[in-house]
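protein.txt follows (compact mmCIF, N, CA, C and O atoms):
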```txt
# COMPACT_ATOMS: atom_id res chain seq x y z
N MET W 14 229.27 39.93 -159.71
CA MET W 14 229.08 38.72 -160.48
C MET W 14 227.58 38.55 -160.72
O MET W 14 226.80 38.51 -159.78
N ALA W 15 227.19 38.41 -161.94
CA ALA W 15 225.78 38.28 -162.30
C ALA W 15 225.39 36.81 -162.44
O ALA W 15 226.23 35.96 -162.71
N VAL W 16 224.14 36.55 -162.25
CA VAL W 16 223.58 35.22 -162.51
C VAL W 16 222.84 35.30 -163.84
O VAL W 16 221.92 36.09 -164.00
N ILE W 17 223.29 34.51 -164.80
CA ILE W 17 222.68 34.49 -166.13
C ILE W 17 221.65 33.36 -166.14
O ILE W 17 221.97 32.23 -165.80
N LYS W 18 220.44 33.70 -166.53
CA LYS W 18 219.36 32.71 -166.56
C LYS W 18 219.04 32.34 -168.01
O LYS W 18 219.50 32.98 -168.95
N LYS W 19 218.24 31.29 -168.15
CA LYS W 19 217.89 30.81 -169.48
C LYS W 19 217.24 31.91 -170.31
O LYS W 19 217.52 32.04 -171.50
N ASP W 20 216.38 32.72 -169.70
CA ASP W 20 215.74 33.82 -170.43
C ASP W 20 216.77 34.83 -170.95
O ASP W 20 216.56 35.43 -172.01
N ASP W 21 217.87 35.01 -170.23
CA ASP W 21 218.92 35.91 -170.70
C ASP W 21 219.59 35.35 -171.96
O ASP W 21 219.92 36.10 -172.88
N ILE W 22 219.75 34.05 -172.01
CA ILE W 22 220.31 33.40 -173.20
C ILE W 22 219.35 33.56 -174.37
O ILE W 22 219.77 33.89 -175.49
N VAL W 23 218.07 33.36 -174.11
CA VAL W 23 217.04 33.51 -175.15
C VAL W 23 217.05 34.94 -175.70
O VAL W 23 217.05 35.15 -176.91
N ASN W 24 217.08 35.92 -174.81
CA ASN W 24 217.09 37.32 -175.23
C ASN W 24 218.33 37.65 -176.05
O ASN W 24 218.24 38.33 -177.07
N ALA W 25 219.49 37.18 -175.60
CA ALA W 25 220.73 37.45 -176.33
C ALA W 25 220.69 36.82 -177.71
O ALA W 25 221.12 37.45 -178.70
N LEU W 26 220.18 35.60 -177.81
CA LEU W 26 220.10 34.92 -179.10
C LEU W 26 219.16 35.64 -180.05
O LEU W 26 219.49 35.86 -181.22
N SER W 27 218.00 36.06 -179.54
CA SER W 27 217.04 36.74 -180.41
C SER W 27 217.53 38.12 -180.83
O SER W 27 217.20 38.61 -181.91
N GLN W 28 218.35 38.77 -180.01
CA GLN W 28 218.91 40.07 -180.37
C GLN W 28 220.03 39.93 -181.41
O GLN W 28 220.15 40.76 -182.31
N LYS W 29 220.84 38.88 -181.29
CA LYS W 29 221.94 38.70 -182.24
C LYS W 29 221.43 38.23 -183.60
O LYS W 29 222.02 38.54 -184.63
N GLN W 30 220.36 37.46 -183.59
CA GLN W 30 219.78 36.95 -184.83
C GLN W 30 218.47 37.70 -185.07
O GLN W 30 217.42 37.29 -184.58
N GLU W 31 218.52 38.77 -185.81
CA GLU W 31 217.37 39.66 -185.98
C GLU W 31 216.14 38.96 -186.57
O GLU W 31 215.01 39.34 -186.30
N LYS W 32 216.33 37.94 -187.37
CA LYS W 32 215.21 37.24 -187.99
C LYS W 32 214.57 36.22 -187.04
O LYS W 32 213.58 35.60 -187.38
N LEU W 33 215.15 36.06 -185.87
CA LEU W 33 214.69 35.07 -184.90
C LEU W 33 213.86 35.75 -183.82
O LEU W 33 214.34 36.65 -183.14
N SER W 34 212.62 35.31 -183.67
CA SER W 34 211.77 35.88 -182.62
C SER W 34 212.18 35.29 -181.27
O SER W 34 212.87 34.27 -181.20
N LYS W 35 211.72 35.93 -180.20
CA LYS W 35 212.02 35.40 -178.86
C LYS W 35 211.42 34.01 -178.68
O LYS W 35 212.03 33.15 -178.06
N ALA W 36 210.23 33.80 -179.23
CA ALA W 36 209.59 32.49 -179.12
C ALA W 36 210.41 31.42 -179.83
O ALA W 36 210.59 30.31 -179.31
N GLN W 37 210.93 31.76 -181.02
CA GLN W 37 211.76 30.80 -181.75
C GLN W 37 213.07 30.56 -181.02
O GLN W 37 213.55 29.42 -180.94
N ALA W 38 213.67 31.61 -180.48
CA ALA W 38 214.92 31.47 -179.73
C ALA W 38 214.71 30.60 -178.50
O ALA W 38 215.55 29.75 -178.18
N LYS W 39 213.59 30.81 -177.81
CA LYS W 39 213.29 30.02 -176.62
C LYS W 39 213.13 28.55 -176.98
O LYS W 39 213.63 27.67 -176.27
N GLU W 40 212.47 28.28 -178.09
CA GLU W 40 212.29 26.90 -178.54
C GLU W 40 213.64 26.25 -178.84
O GLU W 40 213.88 25.10 -178.46
N ILE W 41 214.53 26.98 -179.49
CA ILE W 41 215.86 26.45 -179.82
C ILE W 41 216.65 26.17 -178.56
O ILE W 41 217.25 25.09 -178.41
N VAL W 42 216.68 27.11 -177.63
CA VAL W 42 217.43 26.94 -176.39
C VAL W 42 216.88 25.74 -175.61
O VAL W 42 217.64 24.90 -175.12
N ASN W 43 215.55 25.63 -175.52
CA ASN W 43 214.95 24.49 -174.82
C ASN W 43 215.30 23.17 -175.48
O ASN W 43 215.58 22.18 -174.80
N GLU W 44 215.29 23.14 -176.81
CA GLU W 44 215.63 21.91 -177.54
C GLU W 44 217.09 21.51 -177.29
O GLU W 44 217.38 20.32 -177.12
N VAL W 45 217.99 22.48 -177.26
CA VAL W 45 219.40 22.18 -177.01
C VAL W 45 219.57 21.59 -175.61
O VAL W 45 220.22 20.55 -175.42
N PHE W 46 218.96 22.24 -174.61
CA PHE W 46 219.08 21.74 -173.23
C PHE W 46 218.42 20.38 -173.07
O PHE W 46 218.93 19.51 -172.37
N ASP W 47 217.27 20.19 -173.72
CA ASP W 47 216.59 18.89 -173.66
C ASP W 47 217.45 17.80 -174.29
O ASP W 47 217.55 16.69 -173.76
N PHE W 48 218.07 18.11 -175.42
CA PHE W 48 218.94 17.14 -176.09
C PHE W 48 220.09 16.73 -175.19
O PHE W 48 220.39 15.55 -175.03
N ILE W 49 220.75 17.72 -174.59
CA ILE W 49 221.88 17.43 -173.69
C ILE W 49 221.40 16.58 -172.52
O ILE W 49 222.04 15.57 -172.17
N SER W 50 220.29 16.96 -171.91
CA SER W 50 219.76 16.22 -170.76
C SER W 50 219.45 14.77 -171.11
O SER W 50 219.84 13.84 -170.38
N GLN W 51 218.75 14.56 -172.21
CA GLN W 51 218.37 13.21 -172.62
C GLN W 51 219.60 12.35 -172.93
O GLN W 51 219.67 11.18 -172.55
N ALA W 52 220.56 12.94 -173.62
CA ALA W 52 221.76 12.19 -173.99
C ALA W 52 222.54 11.77 -172.75
O ALA W 52 222.96 10.61 -172.63
N VAL W 53 222.72 12.68 -171.81
CA VAL W 53 223.47 12.36 -170.59
C VAL W 53 222.71 11.33 -169.76
O VAL W 53 223.31 10.41 -169.20
N CYS W 54 221.37 11.43 -169.70
CA CYS W 54 220.56 10.45 -168.97
C CYS W 54 220.70 9.05 -169.56
O CYS W 54 220.60 8.06 -168.85
N GLN W 55 220.94 8.96 -170.86
CA GLN W 55 221.12 7.67 -171.53
C GLN W 55 222.55 7.15 -171.43
O GLN W 55 222.88 6.10 -171.96
N GLY W 56 223.42 7.92 -170.77
CA GLY W 56 224.80 7.48 -170.60
C GLY W 56 225.75 7.99 -171.66
O GLY W 56 226.92 7.61 -171.68
N ASP W 57 225.27 8.83 -172.56
CA ASP W 57 226.13 9.38 -173.61
C ASP W 57 226.91 10.59 -173.10
O ASP W 57 226.53 11.23 -172.11
N THR W 58 227.98 10.90 -173.78
CA THR W 58 228.76 12.12 -173.52
C THR W 58 228.43 13.12 -174.62
O THR W 58 228.44 12.77 -175.79
N VAL W 59 228.14 14.35 -174.23
CA VAL W 59 227.87 15.41 -175.20
C VAL W 59 229.09 16.31 -175.20
O VAL W 59 229.40 16.97 -174.22
N ASP W 60 229.81 16.31 -176.32
CA ASP W 60 231.04 17.09 -176.47
C ASP W 60 230.76 18.29 -177.36
O ASP W 60 230.51 18.14 -178.55
N VAL W 61 230.78 19.48 -176.77
CA VAL W 61 230.56 20.71 -177.52
C VAL W 61 231.95 21.32 -177.75
O VAL W 61 232.54 21.88 -176.82
N TYR W 62 232.44 21.18 -178.96
CA TYR W 62 233.80 21.60 -179.29
C TYR W 62 234.02 23.07 -178.89
O TYR W 62 233.22 23.94 -179.19
N GLY W 63 235.11 23.30 -178.18
CA GLY W 63 235.47 24.65 -177.76
C GLY W 63 234.75 25.10 -176.49
O GLY W 63 235.00 26.18 -175.97
N PHE W 64 233.84 24.27 -175.97
CA PHE W 64 233.09 24.62 -174.76
C PHE W 64 233.34 23.61 -173.66
O PHE W 64 233.79 23.96 -172.58
N GLY W 65 233.01 22.35 -173.91
CA GLY W 65 233.24 21.33 -172.90
C GLY W 65 232.41 20.09 -173.14
O GLY W 65 231.71 19.96 -174.14
N LYS W 66 232.51 19.16 -172.17
CA LYS W 66 231.81 17.88 -172.26
C LYS W 66 230.86 17.73 -171.09
O LYS W 66 231.21 18.03 -169.95
N PHE W 67 229.65 17.24 -171.39
CA PHE W 67 228.67 16.89 -170.37
C PHE W 67 228.60 15.37 -170.35
O PHE W 67 228.48 14.73 -171.40
N TYR W 68 228.65 14.77 -169.16
CA TYR W 68 228.57 13.32 -169.05
C TYR W 68 228.09 12.95 -167.65
O TYR W 68 228.03 13.79 -166.75
N SER W 69 227.73 11.68 -167.48
CA SER W 69 227.32 11.21 -166.16
C SER W 69 228.41 10.31 -165.60
O SER W 69 229.20 9.73 -166.34
N SER W 70 228.43 10.22 -164.28
CA SER W 70 229.37 9.30 -163.65
C SER W 70 228.69 8.65 -162.45
O SER W 70 227.75 9.20 -161.88
N ASP W 71 229.17 7.48 -162.12
CA ASP W 71 228.63 6.74 -160.99
C ASP W 71 229.32 7.20 -159.71
O ASP W 71 230.54 7.39 -159.68
N VAL W 72 228.52 7.37 -158.65
CA VAL W 72 229.05 7.72 -157.34
C VAL W 72 228.83 6.49 -156.46
O VAL W 72 227.69 6.01 -156.32
N ALA W 73 229.89 5.97 -155.88
CA ALA W 73 229.81 4.75 -155.08
C ALA W 73 229.05 5.00 -153.77
O ALA W 73 229.02 6.13 -153.26
N ALA W 74 228.48 3.92 -153.25
CA ALA W 74 227.84 4.00 -151.94
C ALA W 74 228.92 4.31 -150.90
O ALA W 74 230.08 3.92 -151.06
N ARG W 75 228.53 5.02 -149.85
CA ARG W 75 229.51 5.38 -148.84
C ARG W 75 228.81 5.61 -147.50
O ARG W 75 227.61 5.74 -147.43
N LYS W 76 229.61 5.69 -146.47
CA LYS W 76 229.07 5.98 -145.15
C LYS W 76 229.15 7.48 -144.91
O LYS W 76 230.08 8.15 -145.34
N GLY W 77 228.15 8.00 -144.24
CA GLY W 77 228.12 9.42 -143.89
C GLY W 77 227.65 9.58 -142.47
O GLY W 77 227.37 8.60 -141.77
N ILE W 78 227.56 10.81 -142.01
CA ILE W 78 227.10 11.10 -140.66
C ILE W 78 225.94 12.08 -140.75
O ILE W 78 226.05 13.13 -141.39
N ASN W 79 224.84 11.74 -140.09
CA ASN W 79 223.70 12.63 -139.98
C ASN W 79 224.12 13.77 -139.06
O ASN W 79 224.41 13.55 -137.88
N PRO W 80 224.17 15.02 -139.56
CA PRO W 80 224.67 16.11 -138.72
C PRO W 80 223.77 16.43 -137.53
O PRO W 80 224.24 16.94 -136.52
N ALA W 81 222.49 16.10 -137.63
CA ALA W 81 221.58 16.40 -136.52
C ALA W 81 221.74 15.42 -135.37
O ALA W 81 221.72 15.80 -134.20
N THR W 82 221.91 14.12 -135.71
CA THR W 82 221.97 13.09 -134.67
C THR W 82 223.37 12.52 -134.47
O THR W 82 223.59 11.76 -133.52
N LYS W 83 224.29 12.87 -135.33
CA LYS W 83 225.67 12.34 -135.32
C LYS W 83 225.70 10.82 -135.54
O LYS W 83 226.70 10.17 -135.30
N GLU W 84 224.58 10.29 -136.02
CA GLU W 84 224.48 8.87 -136.29
C GLU W 84 225.08 8.55 -137.65
O GLU W 84 224.92 9.31 -138.60
N GLU W 85 225.79 7.43 -137.73
CA GLU W 85 226.37 7.00 -139.00
C GLU W 85 225.25 6.46 -139.89
O GLU W 85 224.41 5.70 -139.43
N ILE W 86 225.26 6.87 -141.15
CA ILE W 86 224.24 6.42 -142.10
C ILE W 86 224.91 5.90 -143.36
O ILE W 86 226.07 6.24 -143.65
N GLU W 87 224.18 5.09 -144.10
CA GLU W 87 224.66 4.57 -145.38
C GLU W 87 224.08 5.44 -146.49
O GLU W 87 222.86 5.58 -146.60
N ILE W 88 224.93 6.03 -147.30
CA ILE W 88 224.49 6.84 -148.44
C ILE W 88 224.54 5.93 -149.66
O ILE W 88 225.60 5.39 -149.99
N PRO W 89 223.40 5.73 -150.33
CA PRO W 89 223.36 4.78 -151.45
C PRO W 89 224.13 5.29 -152.68
O PRO W 89 224.38 6.49 -152.83
N ALA W 90 224.48 4.36 -153.54
CA ALA W 90 225.13 4.70 -154.81
C ALA W 90 224.18 5.54 -155.64
O ALA W 90 222.96 5.44 -155.52
N SER W 91 224.75 6.40 -156.48
CA SER W 91 223.92 7.27 -157.32
C SER W 91 224.67 7.63 -158.58
O SER W 91 225.81 7.23 -158.77
N LYS W 92 224.02 8.38 -159.43
CA LYS W 92 224.65 8.92 -160.64
C LYS W 92 224.71 10.42 -160.49
O LYS W 92 223.85 11.03 -159.86
N SER W 93 225.71 11.03 -161.11
CA SER W 93 225.88 12.47 -161.03
C SER W 93 226.21 13.02 -162.42
O SER W 93 226.83 12.33 -163.23
N VAL W 94 225.78 14.24 -162.68
CA VAL W 94 226.11 14.91 -163.93
C VAL W 94 227.44 15.62 -163.77
O VAL W 94 227.69 16.26 -162.75
N ARG W 95 228.27 15.51 -164.75
CA ARG W 95 229.59 16.15 -164.72
C ARG W 95 229.73 17.06 -165.94
O ARG W 95 229.12 16.82 -166.98
N PHE W 96 230.57 18.07 -165.79
CA PHE W 96 230.91 18.95 -166.91
C PHE W 96 232.40 19.18 -166.85
O PHE W 96 232.94 19.52 -165.78
N LYS W 97 233.07 18.98 -167.96
CA LYS W 97 234.50 19.26 -168.04
C LYS W 97 234.70 20.33 -169.11
O LYS W 97 234.41 20.12 -170.28
N ALA W 98 235.18 21.48 -168.67
CA ALA W 98 235.39 22.59 -169.60
C ALA W 98 236.54 22.28 -170.55
O ALA W 98 237.53 21.65 -170.17
N SER W 99 236.41 22.75 -171.79
CA SER W 99 237.47 22.55 -172.78
C SER W 99 238.64 23.47 -172.45
O SER W 99 238.52 24.43 -171.70
N LYS W 100 239.78 23.17 -173.04
CA LYS W 100 240.96 24.00 -172.84
C LYS W 100 240.69 25.42 -173.32
O LYS W 100 241.08 26.39 -172.65
N ALA W 101 240.02 25.57 -174.45
CA ALA W 101 239.73 26.91 -174.98
C ALA W 101 238.86 27.70 -174.00
O ALA W 101 239.10 28.89 -173.78
N PHE W 102 237.87 27.05 -173.41
CA PHE W 102 236.99 27.70 -172.43
C PHE W 102 237.78 28.08 -171.18
O PHE W 102 237.67 29.20 -170.67
N LYS W 103 238.60 27.17 -170.69
CA LYS W 103 239.43 27.44 -169.50
C LYS W 103 240.37 28.62 -169.77
O LYS W 103 240.53 29.51 -168.92
N ASP W 104 240.97 28.62 -170.94
CA ASP W 104 241.90 29.72 -171.29
C ASP W 104 241.16 31.05 -171.37
O ASP W 104 241.68 32.09 -170.94
N ALA W 105 239.96 31.05 -171.93
CA ALA W 105 239.17 32.28 -172.02
C ALA W 105 238.82 32.82 -170.64
O ALA W 105 238.87 34.03 -170.40
N VAL W 106 238.50 31.92 -169.71
CA VAL W 106 238.21 32.34 -168.34
C VAL W 106 239.45 32.92 -167.68
O VAL W 106 239.41 33.95 -167.02
N LYS W 107 240.59 32.26 -167.87
CA LYS W 107 241.85 32.75 -167.29
C LYS W 107 242.19 34.14 -167.81
O LYS W 107 242.68 34.99 -167.07
N GLU W 108 241.97 34.36 -169.09
CA GLU W 108 242.29 35.67 -169.70
C GLU W 108 241.36 36.77 -169.23
O GLU W 108 241.71 37.94 -169.29
N SER W 109 240.17 36.41 -168.78
CA SER W 109 239.20 37.43 -168.36
C SER W 109 239.49 37.99 -166.98
O SER W 109 238.84 38.95 -166.56
N ILE W 110 240.43 37.41 -166.29
CA ILE W 110 240.75 37.87 -164.91
C ILE W 110 241.52 39.16 -164.95
O ILE W 110 242.30 39.50 -165.69
```
Could I get this structure in the form of structure tokens?
Amino acid sequence: MAVIKKDDIVNALSQKQEKLSKAQAKEIVNEVFDFISQAVCQGDTVDVYGFGKFYSSDVAARKGINPATKEEIEIPASKSVRFKASKAFKDAVKESI
């Protein structure tokens, strides 16, 4: 199993689009990720048809245990980023097995 990094996406994009330089591809990839990040931070849902949805959700405050001291602690409420894969994406993954 390989780990695909942002530079791998940039390289693949610049190779598939011959008129696109690596610098231009990198700028596009960064803009897409920045757009998704900003939208989710503002509470919006980003729905990429055929891929999935990025959104934020609230995590309630809860009690936890400090593993070092076994002391009970209060974990404050927070926000978390979520991703829900589309049916088409899920099906593609299932077929690749």
Best match for closeness to Gly63 (chain W) among W:Ala101, W:Val23, W:Ile110, W:Val16, counting all atoms listed in the file: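 Of W:Ala101, W:Val23, W:Ile110, W:Val16, the one nearest Gly63 (chain W) is W:Ala101, counting all atoms listed in the file.
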Strand (DSSP E) call set, DSSP backbone run, chain W, as a list in words: Val59, Asp60, Val61, Gly65, Lys66, Phe67, Tyr68, Ser69, Ser70, Asp71, Val72, Arg75, Lys76, Gly77, Ile78, Glu85, Ile86, Glu87, Ile88, Ser91, Lys92, Ser93, Val94, Arg95, Phe96, Lys97 and Ala98 of chain W
DSSP-assigned helix (DSSP H, G or I) among region 20-103 of chain W, expressed as a VMD selection string: chain W and resid 20 to 29 35 to 54 100 to 103
Point-to-point distance from CA of Ile78 (chain W) to CA of Phe96 (chain W), Å rounded to tenths: 27.7 Å
Distance query Gly56 (chain W) at most 8 Å, only N, CA, C and O atoms, self and fewer than 2 positions along chain excluded, as a list in words: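 Neighbouring residues, sequence-local ones excluded: Ile49, Ser50, Gln51, Ala52, Val53, Cys54, Thr58, Val59, Phe67, Tyr68, Ser69 and Ser70 of chain W.
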d(CA of Met14 (chain W), CA of Lys97 (chain W)) in Å: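 Value for the CA of Met14 (chain W)-CA of Lys97 (chain W) distance: 21.6 Å.
Taking atom O of Asp20 (chain W) as the reference point, CA of Asp47 (chain W) is found at 16.6 Å.
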All residues 7 Å or closer to Lys35 (chain W), only N, CA, C and O atoms, same chain fewer than 5 positions away omitted, as number ranges by chain: W: 23-24, 27, 40-41
Long-range neighbours of Ile22 (chain W) as a ChimeraX atom specification, 10 Å cut-off, only C-alpha atoms, 6 positions minimum in chain: /W:28,38-39,42
Pro89 (chain W) environment, 8 Å, only N, CA, C and O atoms, sequence neighbours closer than 5 positions dropped, as a list in words: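 The residues satisfying every condition are Val72, Ala73, Ala74, Arg75 and Lys76 of chain W.
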Contact residues around Ala98 (chain W) with only C-alpha atoms at 8 Å, ignoring same-chain residues under 6 positions, as a list in words: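 Final neighbour list, sorted by chain and number: Phe64, Gly65 and Lys66 of chain W.
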